[in-house]
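Participant: Structure supplied as coords-v6.cif; contents: mmCIF, C-alpha atoms.
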data_coords
loop_
_atom_site.label_atom_id
_atom_site.label_comp_id
_atom_site.auth_asym_id
_atom_site.auth_seq_id
_atom_site.Cartn_x
_atom_site.Cartn_y
_atom_site.Cartn_z
CA MET X 27 -46.14 25.14 -11.88
CA ARG X 28 -42.73 24.00 -10.59
CA ILE X 29 -42.51 23.34 -6.87
CA LYS X 30 -39.73 22.25 -4.55
CA MET X 31 -40.62 19.28 -2.36
CA ARG X 32 -38.68 19.02 0.90
CA ILE X 33 -39.29 15.54 2.23
CA ARG X 34 -38.10 14.15 5.55
CA ARG X 35 -36.28 10.92 4.66
CA PHE X 36 -35.14 8.08 6.90
CA ASN X 37 -34.00 4.61 5.98
CA PRO X 38 -33.38 2.59 9.18
CA GLU X 39 -30.94 0.31 7.30
CA ALA X 40 -28.74 3.13 6.00
CA ASP X 41 -29.32 6.32 8.02
CA SER X 42 -28.46 7.06 11.63
CA LYS X 43 -30.95 9.93 11.72
CA PRO X 44 -33.58 11.54 9.42
CA TRP X 45 -32.48 14.03 6.73
CA TRP X 46 -34.16 16.37 4.25
CA GLY X 47 -34.44 15.27 0.63
CA GLU X 48 -35.15 18.01 -1.95
CA TYR X 49 -36.90 17.33 -5.25
CA TRP X 50 -38.31 19.58 -7.96
CA VAL X 51 -41.65 18.53 -9.46
CA ASP X 52 -43.97 19.92 -12.15
CA VAL X 53 -47.55 19.93 -10.93
CA GLU X 54 -50.92 21.45 -11.75
CA GLU X 55 -52.51 23.85 -9.28
CA SER X 56 -55.35 21.37 -8.88
CA ASP X 57 -52.96 18.51 -8.04
CA ARG X 58 -52.72 17.38 -4.47
CA VAL X 59 -49.61 16.92 -2.33
CA LEU X 60 -50.06 13.18 -2.80
CA ASP X 61 -49.68 13.64 -6.59
CA ALA X 62 -46.41 15.50 -6.03
CA LEU X 63 -45.17 12.71 -3.72
CA HIS X 64 -46.13 10.17 -6.41
CA GLN X 65 -44.10 12.16 -8.96
CA VAL X 66 -41.07 11.95 -6.71
CA LYS X 67 -41.55 8.25 -6.05
CA TRP X 68 -42.42 7.20 -9.60
CA TYR X 69 -39.94 9.32 -11.57
CA GLN X 70 -37.14 10.43 -9.24
CA ASP X 71 -36.58 8.14 -6.26
CA GLY X 72 -38.43 4.86 -6.08
CA ALA X 73 -37.19 4.27 -2.55
CA LEU X 74 -39.41 7.03 -1.13
CA THR X 75 -41.77 5.26 1.23
CA LEU X 76 -45.24 6.53 2.08
CA ARG X 77 -48.58 5.09 3.03
CA ARG X 78 -51.74 5.79 1.04
CA SER X 79 -54.68 3.79 -0.13
CA CYS X 80 -57.86 5.42 -1.48
CA ALA X 81 -56.25 8.81 -2.25
CA HIS X 82 -59.62 10.51 -1.76
CA GLY X 83 -59.70 11.49 1.89
CA ILE X 84 -61.68 8.49 3.09
CA CYS X 85 -59.22 5.80 4.22
CA GLY X 86 -57.07 8.08 6.40
CA SER X 87 -53.76 6.44 5.43
CA ASP X 88 -51.76 9.45 4.26
CA ALA X 89 -51.88 11.81 7.22
CA MET X 90 -48.55 13.67 7.48
CA VAL X 91 -47.12 17.02 8.51
CA ILE X 92 -47.46 19.29 5.47
CA ASN X 93 -45.81 22.71 5.81
CA GLY X 94 -45.78 22.33 9.58
CA ARG X 95 -49.38 21.26 10.01
CA ASN X 96 -51.09 17.86 10.07
CA ALA X 97 -53.22 17.06 7.02
CA LEU X 98 -54.06 14.33 4.55
CA ALA X 99 -51.69 14.50 1.55
CA CYS X 100 -54.61 13.54 -0.69
CA LYS X 101 -56.70 16.55 0.40
CA VAL X 102 -54.21 19.44 0.30
CA LEU X 103 -54.07 21.20 -3.09
CA MET X 104 -50.70 22.28 -4.48
CA GLN X 105 -52.06 25.80 -5.08
CA ASP X 106 -52.38 26.15 -1.30
CA VAL X 107 -48.85 25.09 -0.30
CA GLY X 108 -46.69 27.89 -1.78
CA ASP X 109 -43.40 27.49 -3.65
CA VAL X 110 -41.89 25.01 -1.22
CA CYS X 111 -43.82 22.07 0.13
CA GLN X 112 -42.31 20.53 3.25
CA VAL X 113 -43.50 17.05 4.18
CA GLU X 114 -42.69 15.16 7.39
CA PRO X 115 -44.00 12.01 9.05
CA LEU X 116 -46.52 12.32 11.90
CA ARG X 117 -44.94 13.37 15.19
CA ASN X 118 -44.34 11.27 18.29
CA MET X 119 -45.03 7.98 16.53
CA PRO X 120 -42.31 5.32 16.07
CA LEU X 121 -40.73 6.04 12.66
CA ILE X 122 -40.52 3.03 10.35
CA LYS X 123 -39.24 4.55 7.11
CA ASP X 124 -39.49 7.98 5.44
CA LEU X 125 -43.13 9.07 5.88
CA VAL X 126 -44.38 5.79 7.35
CA VAL X 127 -44.88 5.58 11.11
CA ASP X 128 -45.92 2.67 13.30
CA MET X 129 -49.64 3.16 13.98
CA GLU X 130 -49.88 0.28 16.47
CA PRO X 131 -49.62 2.43 19.66
CA PHE X 132 -52.38 4.62 18.21
CA PHE X 133 -54.66 1.67 17.48
CA ALA X 134 -53.96 0.16 20.92
CA LYS X 135 -55.52 3.32 22.44
CA TYR X 136 -58.40 3.05 19.99
CA ARG X 137 -59.08 -0.51 21.15
CA ALA X 138 -58.84 0.56 24.80
CA VAL X 139 -62.09 2.57 24.57
CA LEU X 140 -64.10 -0.47 23.36
CA PRO X 141 -65.07 1.05 20.00
CA TYR X 142 -68.02 -1.21 19.25
CA LEU X 143 -71.67 -1.44 20.28
CA ILE X 144 -72.13 -3.25 23.59
CA ASN X 145 -75.66 -4.26 24.51
CA ASP X 146 -76.49 -7.70 25.82
CA ASN X 147 -80.26 -7.19 25.69
CA LEU X 148 -81.65 -8.39 22.41
CA PRO X 149 -84.40 -6.25 20.88
CA ALA X 150 -87.89 -7.79 21.06
CA SER X 151 -87.81 -8.33 17.31
CA GLY X 152 -85.82 -7.21 14.32
CA GLU X 153 -83.58 -4.16 14.48
CA ARG X 154 -82.70 -1.78 17.28
CA TYR X 155 -84.66 1.34 16.44
CA GLN X 156 -83.21 4.77 17.13
CA SER X 157 -84.85 8.17 16.78
CA GLN X 158 -83.33 10.76 14.45
CA GLU X 159 -82.66 13.00 17.47
CA ALA X 160 -80.81 10.22 19.29
CA ARG X 161 -78.75 9.52 16.16
CA ALA X 162 -77.93 13.20 15.74
CA ARG X 163 -76.52 13.31 19.30
CA TYR X 164 -73.26 11.65 18.21
CA ASP X 165 -73.35 12.30 14.46
CA ASP X 166 -70.19 14.42 14.42
CA THR X 167 -68.00 11.73 15.95
CA THR X 168 -69.13 9.02 13.48
CA LYS X 169 -67.08 10.80 10.81
CA CYS X 170 -63.67 9.82 12.21
CA ILE X 171 -61.41 7.90 9.78
CA LEU X 172 -58.63 7.12 12.32
CA CYS X 173 -55.94 8.97 10.39
CA ALA X 174 -54.23 10.11 13.65
CA ALA X 175 -53.92 13.72 12.44
CA CYS X 176 -55.61 14.98 15.63
CA THR X 177 -53.71 12.88 18.16
CA THR X 178 -50.30 13.68 16.65
CA SER X 179 -51.08 17.42 16.54
CA CYS X 180 -51.80 17.54 20.27
CA PRO X 181 -49.17 19.14 22.56
CA SER X 182 -50.41 16.98 25.45
CA PHE X 183 -49.60 13.90 23.34
CA TRP X 184 -46.17 15.28 22.35
CA ALA X 185 -45.36 15.71 26.03
CA ASN X 186 -46.82 12.37 27.14
CA GLU X 187 -47.16 9.45 24.75
CA ASP X 188 -49.38 7.63 27.24
CA TYR X 189 -52.14 10.23 26.78
CA ILE X 190 -55.05 8.38 25.18
CA GLY X 191 -55.39 11.17 22.61
CA PRO X 192 -58.24 12.97 20.85
CA ALA X 193 -58.91 10.21 18.28
CA ALA X 194 -59.65 7.55 20.91
CA ILE X 195 -61.84 10.01 22.84
CA VAL X 196 -63.79 10.82 19.66
CA GLN X 197 -64.34 7.10 19.10
CA ALA X 198 -65.45 6.66 22.71
CA HIS X 199 -67.81 9.65 22.37
CA ARG X 200 -69.43 7.98 19.36
CA PHE X 201 -70.55 5.05 21.57
CA ILE X 202 -70.95 6.79 24.95
CA PHE X 203 -73.69 9.03 23.49
CA ASP X 204 -75.32 6.26 21.43
CA ASP X 205 -78.58 5.42 23.26
CA ARG X 206 -78.47 1.81 21.99
CA ASP X 207 -75.21 1.19 23.82
CA ASP X 208 -74.98 -0.01 27.44
CA ALA X 209 -71.26 0.26 28.18
CA ALA X 210 -70.74 4.02 28.64
CA ASP X 211 -69.58 3.37 32.21
CA LEU X 212 -66.77 1.07 31.04
CA ARG X 213 -65.53 3.65 28.54
CA LEU X 214 -65.85 6.55 30.98
CA ARG X 215 -63.76 4.59 33.47
CA VAL X 216 -60.98 4.25 30.87
CA LEU X 217 -61.21 7.97 30.03
CA ASN X 218 -61.20 9.04 33.70
CA ASP X 219 -57.67 7.62 34.02
CA VAL X 220 -54.75 9.96 34.70
CA ASP X 221 -53.86 9.67 31.00
CA GLY X 222 -57.47 10.01 29.87
CA VAL X 223 -59.56 13.08 28.92
CA TRP X 224 -58.14 15.28 31.68
CA ARG X 225 -54.84 15.60 29.79
CA CYS X 226 -56.72 17.70 27.22
CA ARG X 227 -55.65 21.37 27.57
CA THR X 228 -58.17 22.72 25.01
CA VAL X 229 -55.41 23.75 22.60
CA PHE X 230 -57.69 23.12 19.56
CA ASN X 231 -54.86 21.81 17.34
CA CYS X 232 -56.95 18.66 16.86
CA VAL X 233 -59.90 20.63 15.50
CA GLN X 234 -57.62 22.42 13.04
CA ALA X 235 -55.93 19.16 11.96
CA CYS X 236 -59.04 16.99 11.50
CA PRO X 237 -59.57 16.37 7.76
CA ARG X 238 -63.19 15.41 8.51
CA GLU X 239 -63.89 18.69 10.28
CA ILE X 240 -64.98 17.00 13.48
CA ASP X 241 -65.36 19.37 16.42
CA VAL X 242 -62.92 17.23 18.42
CA THR X 243 -62.46 19.54 21.41
CA ARG X 244 -66.23 19.76 21.81
CA ALA X 245 -66.49 15.95 21.88
CA ILE X 246 -63.72 15.81 24.50
CA GLY X 247 -65.50 18.55 26.49
CA GLU X 248 -68.76 16.59 26.42
CA VAL X 249 -66.97 13.50 27.74
CA LYS X 250 -65.41 15.62 30.52
CA LEU X 251 -68.87 16.91 31.46
CA ALA X 252 -70.29 13.37 31.37
CA LEU X 253 -67.58 12.36 33.86
CA LEU X 254 -68.40 15.36 36.05
CA ASN X 255 -72.19 15.29 35.97
CA GLY X 256 -73.00 11.79 34.76
CA LEU X 257 -74.82 11.05 31.51
CA GLU X 258 -78.14 12.78 31.05
CA GLU X 259 -80.77 10.25 30.04
CA MET B 5 -34.41 18.68 30.43
CA ALA B 6 -33.89 17.18 26.96
CA ALA B 7 -37.53 16.08 26.97
CA LEU B 8 -38.61 19.60 27.93
CA VAL B 9 -36.58 21.15 25.11
CA ALA B 10 -37.92 18.59 22.60
CA SER B 11 -41.47 19.24 23.74
CA LEU B 12 -40.95 23.02 23.49
CA TYR B 13 -39.45 22.67 20.02
CA LYS B 14 -42.41 20.57 18.84
CA SER B 15 -44.84 23.14 20.22
CA ILE B 16 -43.18 26.10 18.55
CA SER B 17 -42.42 24.40 15.22
CA TYR B 18 -45.99 23.19 14.68
CA ARG B 19 -48.13 25.65 12.76
CA GLY B 20 -51.04 25.70 15.18
CA ALA B 21 -53.58 28.50 15.43
CA GLU B 22 -54.79 30.83 18.21
CA GLY B 23 -55.43 27.96 20.63
CA GLN B 24 -51.85 26.75 20.48
CA TRP B 25 -50.31 30.19 21.03
CA ALA B 26 -52.78 30.95 23.80
CA TRP B 27 -51.71 27.71 25.46
CA ILE B 28 -47.97 28.41 25.10
CA LEU B 29 -48.45 31.91 26.50
CA HIS B 30 -50.53 30.47 29.37
CA ARG B 31 -47.68 28.14 30.31
CA ALA B 32 -45.03 30.87 29.93
CA SER B 33 -47.04 33.39 32.00
CA GLY B 34 -47.69 30.76 34.68
CA LEU B 35 -43.98 30.02 34.90
CA GLY B 36 -43.21 33.74 35.04
CA ILE B 37 -45.64 34.25 37.93
CA VAL B 38 -44.07 31.38 39.88
CA LEU B 39 -40.59 32.87 39.35
CA PHE B 40 -41.89 36.24 40.53
CA LEU B 41 -43.30 34.65 43.69
CA TYR B 42 -39.88 33.18 44.52
CA MET B 43 -38.29 36.60 43.97
CA HIS B 44 -41.00 38.22 46.09
CA ILE B 45 -40.43 35.83 49.00
CA LEU B 46 -36.69 36.34 48.71
CA SER B 47 -36.96 40.14 48.71
CA ILE B 48 -39.20 40.12 51.79
CA PHE B 49 -36.72 37.78 53.50
CA VAL B 50 -34.16 40.58 53.16
CA ALA B 51 -35.93 42.19 56.15
CA ALA B 52 -34.33 39.46 58.29
CA ILE B 53 -30.90 40.80 57.35
CA GLY B 54 -31.65 44.35 58.41
CA PRO B 55 -33.71 47.44 57.65
CA GLU B 56 -31.12 49.07 55.36
CA PRO B 57 -30.86 46.27 52.78
CA TYR B 58 -34.67 45.90 52.90
CA GLU B 59 -35.14 49.61 52.20
CA TRP B 60 -32.58 49.46 49.41
CA VAL B 61 -34.32 46.52 47.70
CA HIS B 62 -37.78 48.08 47.92
CA LYS B 63 -37.05 51.75 47.44
CA THR B 64 -34.03 51.72 45.12
CA LEU B 65 -33.93 48.40 43.30
CA TYR B 66 -37.68 48.01 42.78
CA THR B 67 -38.16 51.58 41.59
CA SER B 68 -35.31 51.40 39.05
CA PRO B 69 -36.31 51.56 35.35
CA PRO B 70 -35.60 47.83 34.57
CA ALA B 71 -37.75 46.83 37.57
CA LYS B 72 -40.59 49.04 36.32
CA VAL B 73 -40.44 47.43 32.89
CA MET B 74 -40.47 43.99 34.50
CA GLU B 75 -43.48 45.10 36.54
CA VAL B 76 -45.39 45.68 33.30
CA PHE B 77 -44.43 42.19 32.15
CA LEU B 78 -45.63 40.81 35.49
CA LEU B 79 -48.91 42.67 35.11
CA PHE B 80 -49.35 41.26 31.63
CA GLY B 81 -48.55 37.76 32.90
CA VAL B 82 -51.09 37.92 35.72
CA LEU B 83 -53.82 39.52 33.58
CA TYR B 84 -53.30 37.15 30.67
CA HIS B 85 -53.09 34.06 32.87
CA ALA B 86 -56.34 35.04 34.62
CA ALA B 87 -58.21 35.91 31.41
CA ASN B 88 -57.04 32.82 29.56
CA GLY B 89 -57.87 30.65 32.55
CA MET B 90 -61.42 32.03 32.41
CA ARG B 91 -61.58 31.21 28.70
CA ILE B 92 -60.51 27.61 29.38
CA ILE B 93 -63.07 27.27 32.19
CA ILE B 94 -65.84 28.68 29.97
CA ILE B 95 -64.99 26.26 27.13
CA ASP B 96 -64.70 23.33 29.56
CA PHE B 97 -68.21 23.97 30.91
CA PHE B 98 -69.76 24.96 27.56
CA PRO B 99 -67.97 22.78 24.97
CA ALA B 100 -70.31 24.00 22.20
CA LEU B 101 -68.65 27.42 22.45
CA GLY B 102 -65.44 25.85 21.15
CA LYS B 103 -66.34 26.79 17.60
CA TYR B 104 -66.09 30.45 18.61
CA GLN B 105 -62.75 29.96 20.35
CA ARG B 106 -60.86 32.20 17.90
CA THR B 107 -63.23 35.06 18.66
CA ILE B 108 -63.06 34.31 22.39
CA VAL B 109 -59.23 34.50 22.27
CA ARG B 110 -59.45 37.90 20.57
CA ILE B 111 -61.98 39.21 23.10
CA GLU B 112 -59.73 37.96 25.88
CA LEU B 113 -56.69 39.76 24.45
CA ALA B 114 -58.73 42.93 24.02
CA LEU B 115 -59.82 42.79 27.68
CA VAL B 116 -56.21 42.27 28.76
CA ALA B 117 -55.15 45.27 26.65
CA ILE B 118 -57.89 47.51 28.08
CA VAL B 119 -56.57 46.96 31.61
CA LEU B 120 -52.89 46.64 30.73
CA VAL B 121 -52.35 49.77 28.62
CA PRO B 122 -53.47 52.40 31.20
CA ALA B 123 -51.80 50.45 34.01
CA ALA B 124 -48.55 50.30 32.02
CA ILE B 125 -48.69 54.03 31.33
CA ILE B 126 -49.14 54.75 35.04
CA THR B 127 -46.34 52.34 35.98
CA LEU B 128 -43.87 53.66 33.44
CA GLN B 129 -44.62 57.38 33.71
CA GLY B 130 -41.65 59.35 34.88
CA LEU B 131 -39.29 56.97 33.11
CA PHE B 132 -39.48 58.75 29.78
#
Taking this structure as input, can you express it in the form of structure tokens?

Facilitator:
Amino acid sequence: MRIKMRIRRFNPEADSKPWWGEYWVDVEESDRVLDALHQVKWYQDGALTLRRSCAHGICGSDAMVINGRNALACKVLMQDVGDVCQVEPLRNMPLIKDLVVDMEPFFAKYRAVLPYLINDNLPASGERYQSQEARARYDDTTKCILCAACTTSCPSFWANEDYIGPAAIVQAHRFIFDDRDDAADLRLRVLNDVDGVWRCRTVFNCVQACPREIDVTRAIGEVKLALLNGLEE
Amino acid sequence: MAALVASLYKSISYRGAEGQWAWILHRASGLGIVLFLYMHILSIFVAAIGPEPYEWVHKTLYTSPPAKVMEVFLLFGVLYHAANGMRIIIIDFFPALGKYQRTIVRIELALVAIVLVPAAIITLQGLF
């Protein structure tokens, strides 16, 4: 099948503002948007700049706006995009070139929630054991691949770039509800900030955008309740 | 203002689902209610000018067909804002219900319609 690719292009050394590039590509129905972008880059315009690594929905490098909605280019099939496939870089992130945005502000928020196990008490011997029930408590939020599809789909984030964003809250949730961790209070303090969880307006764009099908708004809601009622032991 | 327009453009141009449109409508209805309150205060203030202008505003202007149509919009705004606010409160206190949010939005709109349609008919009768 022959499909028109409309790609948002921007070269900071040559362009004063972004523009739309249009390219025709021949693809299979089972190809993914990433394959179509490769066709453009490899056979039509080598200057097209995009970020991707594993190409199998695991590394989270190729999140972009595909036909007006955030998704991973390596997970969206061409048969699902229609006759015209419009691709743009993620919103509200500093644009570097074409589809590549600066992820540093996003990762700074990720680091702000202390996304690692904190527990100064060593176990008596060997490993820290955890029951299956305790592990299941935060299972959903372990699936995050930090692609930023959720955060950049959030209207609260579009309006206020200081909002910590759904991705960082998901990462915080993963440790706050881990019974081996001792630093929930530190993370909850960060999330109780004026630009923390309370900026969430339950719009559910994050849930729709998440390529890992994490129930993001539920995780944010659970953190809100933990701030309100304290953590149940 | 430019930031507001940019933010509005981003919200409308993103292909979000029910949650996004429910949120945009919540904001728009909230803004509409605030504007109505200003108008309401202003129209009551007309009493300070004299009884005739006050009577004219309330008996002639407010019963005119455009005012009646706007009244239906106001009713929708208040009903929707209240129902959607309840939906947000329910999801905030029971986050697990989030996975049914599409259904909850539809139930909410149905409830709004059940109250709005008869009320609109009563408000607009005599105009047609």

Participant: For a quick test of understanding: name the residues of chain B lying within 10 Å of chain X when counting all atoms listed in the file, and present them as a PyMOL selection string.

Facilitator: chain B and resi 7-8+10-12+14-15+17-28+91-93+95-103+105-106

Participant: Report the distance between CA of Ala150 in chain X and CA of Ala198 in chain X in Å, rounded to one decimal place.

Facilitator: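 Going from CA of Ala150 in chain X over to CA of Ala198 in chain X covers 26.7 Å.
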
Participant: Select, from B:Lys72, B:Leu78, B:Tyr84, B:Val9, the residue with the minimum atom-to-atom distance to Gln129 in chain B, counting all atoms listed in the file.

Facilitator: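 So, comparing all the options, the nearest one is B:Lys72.
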
Participant: Suppose a student applies the PyMOL selection byres ((chain X and resi 87) around 6) to this structure; what residues should they get, written as a list in words?

Facilitator: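 Output of the PyMOL selection byres ((chain X and resi 87) around 6): Arg77, Arg78, Cys85, Gly86, Asp88, Ala89 and Cys173 of chain X.
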
Participant: Which residues are near Met90 in chain X? Cut-off 10 Å, all atoms listed in the file, ignore same chain within fewer than 6 positions. Put them as an NGL selection string.

Facilitator: :X and (76-77 or 96-99 or 113-117 or 125-127 or 173-175 or 178)

Participant: Could you work out how far CA of Arg206 in chain X lies from CA of Tyr164 in chain X, giving the answer in Å with one decimal?

Facilitator: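 Distance reported for this atom pair: 11.8 Å.
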
Participant: So which residues touch range 31-42 of chain B within 10 Å, counting only C-alpha atoms, skipping near sequence neighbours fewer than 6 positions away, as a count of residues only?

Facilitator: 13

Participant: Could you jot down the CA of Tyr49 in chain X to CA of Ile33 in chain X separation for me, Å, one decimal place?

Facilitator: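 Computed distance, CA of Tyr49 in chain X to CA of Ile33 in chain X, equals 8.1 Å.
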
Participant: Let me have the centre and edge lengths in Å, one decimal, of the box along x, y and z around every listed atom of range 79-96 of chain B with 8 Å of margin on each side, as AutoDock Vina command-line options.

Facilitator:
--center_x -57.2 --center_y 33.0 --center_z 31.4 --size_x 33.3 --size_y 35.3 --size_z 24.6

Participant: Since the input is missing atoms for range 72-89 of chain B, could you rebuild it with N, CA and C atoms and give the result as a PDB file, in the frame of the given file?

Facilitator:
ATOM      1  N   LYS B  72     -39.281  48.540  36.746  1.00  0.00           N
ATOM      2  CA  LYS B  72     -40.590  49.040  36.320  1.00  0.00           C
ATOM      3  C   LYS B  72     -41.049  48.340  35.038  1.00  0.00           C
ATOM      4  N   VAL B  73     -40.083  48.137  34.132  1.00  0.00           N
ATOM      5  CA  VAL B  73     -40.440  47.430  32.890  1.00  0.00           C
ATOM      6  C   VAL B  73     -40.855  45.992  33.208  1.00  0.00           C
ATOM      7  N   MET B  74     -40.111  45.366  34.126  1.00  0.00           N
ATOM      8  CA  MET B  74     -40.470  43.990  34.500  1.00  0.00           C
ATOM      9  C   MET B  74     -41.840  43.940  35.180  1.00  0.00           C
ATOM     10  N   GLU B  75     -42.175  45.029  35.883  1.00  0.00           N
ATOM     11  CA  GLU B  75     -43.480  45.100  36.540  1.00  0.00           C
ATOM     12  C   GLU B  75     -44.611  45.050  35.511  1.00  0.00           C
ATOM     13  N   VAL B  76     -44.372  45.721  34.369  1.00  0.00           N
ATOM     14  CA  VAL B  76     -45.390  45.680  33.300  1.00  0.00           C
ATOM     15  C   VAL B  76     -45.526  44.259  32.758  1.00  0.00           C
ATOM     16  N   PHE B  77     -44.378  43.576  32.594  1.00  0.00           N
ATOM     17  CA  PHE B  77     -44.430  42.190  32.150  1.00  0.00           C
ATOM     18  C   PHE B  77     -45.198  41.320  33.153  1.00  0.00           C
ATOM     19  N   LEU B  78     -44.943  41.576  34.442  1.00  0.00           N
ATOM     20  CA  LEU B  78     -45.630  40.810  35.490  1.00  0.00           C
ATOM     21  C   LEU B  78     -47.135  41.054  35.409  1.00  0.00           C
ATOM     22  N   LEU B  79     -47.488  42.310  35.213  1.00  0.00           N
ATOM     23  CA  LEU B  79     -48.910  42.670  35.110  1.00  0.00           C
ATOM     24  C   LEU B  79     -49.554  41.951  33.929  1.00  0.00           C
ATOM     25  N   PHE B  80     -48.832  41.966  32.804  1.00  0.00           N
ATOM     26  CA  PHE B  80     -49.350  41.260  31.630  1.00  0.00           C
ATOM     27  C   PHE B  80     -49.521  39.778  31.944  1.00  0.00           C
ATOM     28  N   GLY B  81     -48.501  39.184  32.579  1.00  0.00           N
ATOM     29  CA  GLY B  81     -48.550  37.760  32.900  1.00  0.00           C
ATOM     30  C   GLY B  81     -49.763  37.411  33.755  1.00  0.00           C
ATOM     31  N   VAL B  82     -49.973  38.201  34.802  1.00  0.00           N
ATOM     32  CA  VAL B  82     -51.090  37.920  35.720  1.00  0.00           C
ATOM     33  C   VAL B  82     -52.433  38.121  35.008  1.00  0.00           C
ATOM     34  N   LEU B  83     -52.553  39.236  34.283  1.00  0.00           N
ATOM     35  CA  LEU B  83     -53.820  39.520  33.580  1.00  0.00           C
ATOM     36  C   LEU B  83     -54.114  38.463  32.533  1.00  0.00           C
ATOM     37  N   TYR B  84     -53.086  38.130  31.737  1.00  0.00           N
ATOM     38  CA  TYR B  84     -53.300  37.150  30.670  1.00  0.00           C
ATOM     39  C   TYR B  84     -53.632  35.792  31.252  1.00  0.00           C
ATOM     40  N   HIS B  85     -52.880  35.381  32.285  1.00  0.00           N
ATOM     41  CA  HIS B  85     -53.090  34.060  32.870  1.00  0.00           C
ATOM     42  C   HIS B  85     -54.516  33.953  33.428  1.00  0.00           C
ATOM     43  N   ALA B  86     -54.983  35.038  34.055  1.00  0.00           N
ATOM     44  CA  ALA B  86     -56.340  35.040  34.620  1.00  0.00           C
ATOM     45  C   ALA B  86     -57.379  34.998  33.500  1.00  0.00           C
ATOM     46  N   ALA B  87     -57.216  35.849  32.485  1.00  0.00           N
ATOM     47  CA  ALA B  87     -58.210  35.910  31.410  1.00  0.00           C
ATOM     48  C   ALA B  87     -58.248  34.616  30.624  1.00  0.00           C
ATOM     49  N   ASN B  88     -57.067  34.064  30.328  1.00  0.00           N
ATOM     50  CA  ASN B  88     -57.040  32.820  29.560  1.00  0.00           C
ATOM     51  C   ASN B  88     -57.580  31.654  30.385  1.00  0.00           C
ATOM     52  N   GLY B  89     -57.311  31.682  31.673  1.00  0.00           N
ATOM     53  CA  GLY B  89     -57.870  30.650  32.550  1.00  0.00           C
ATOM     54  C   GLY B  89     -59.393  30.683  32.517  1.00  0.00           C
TER      55      GLY B  89
END
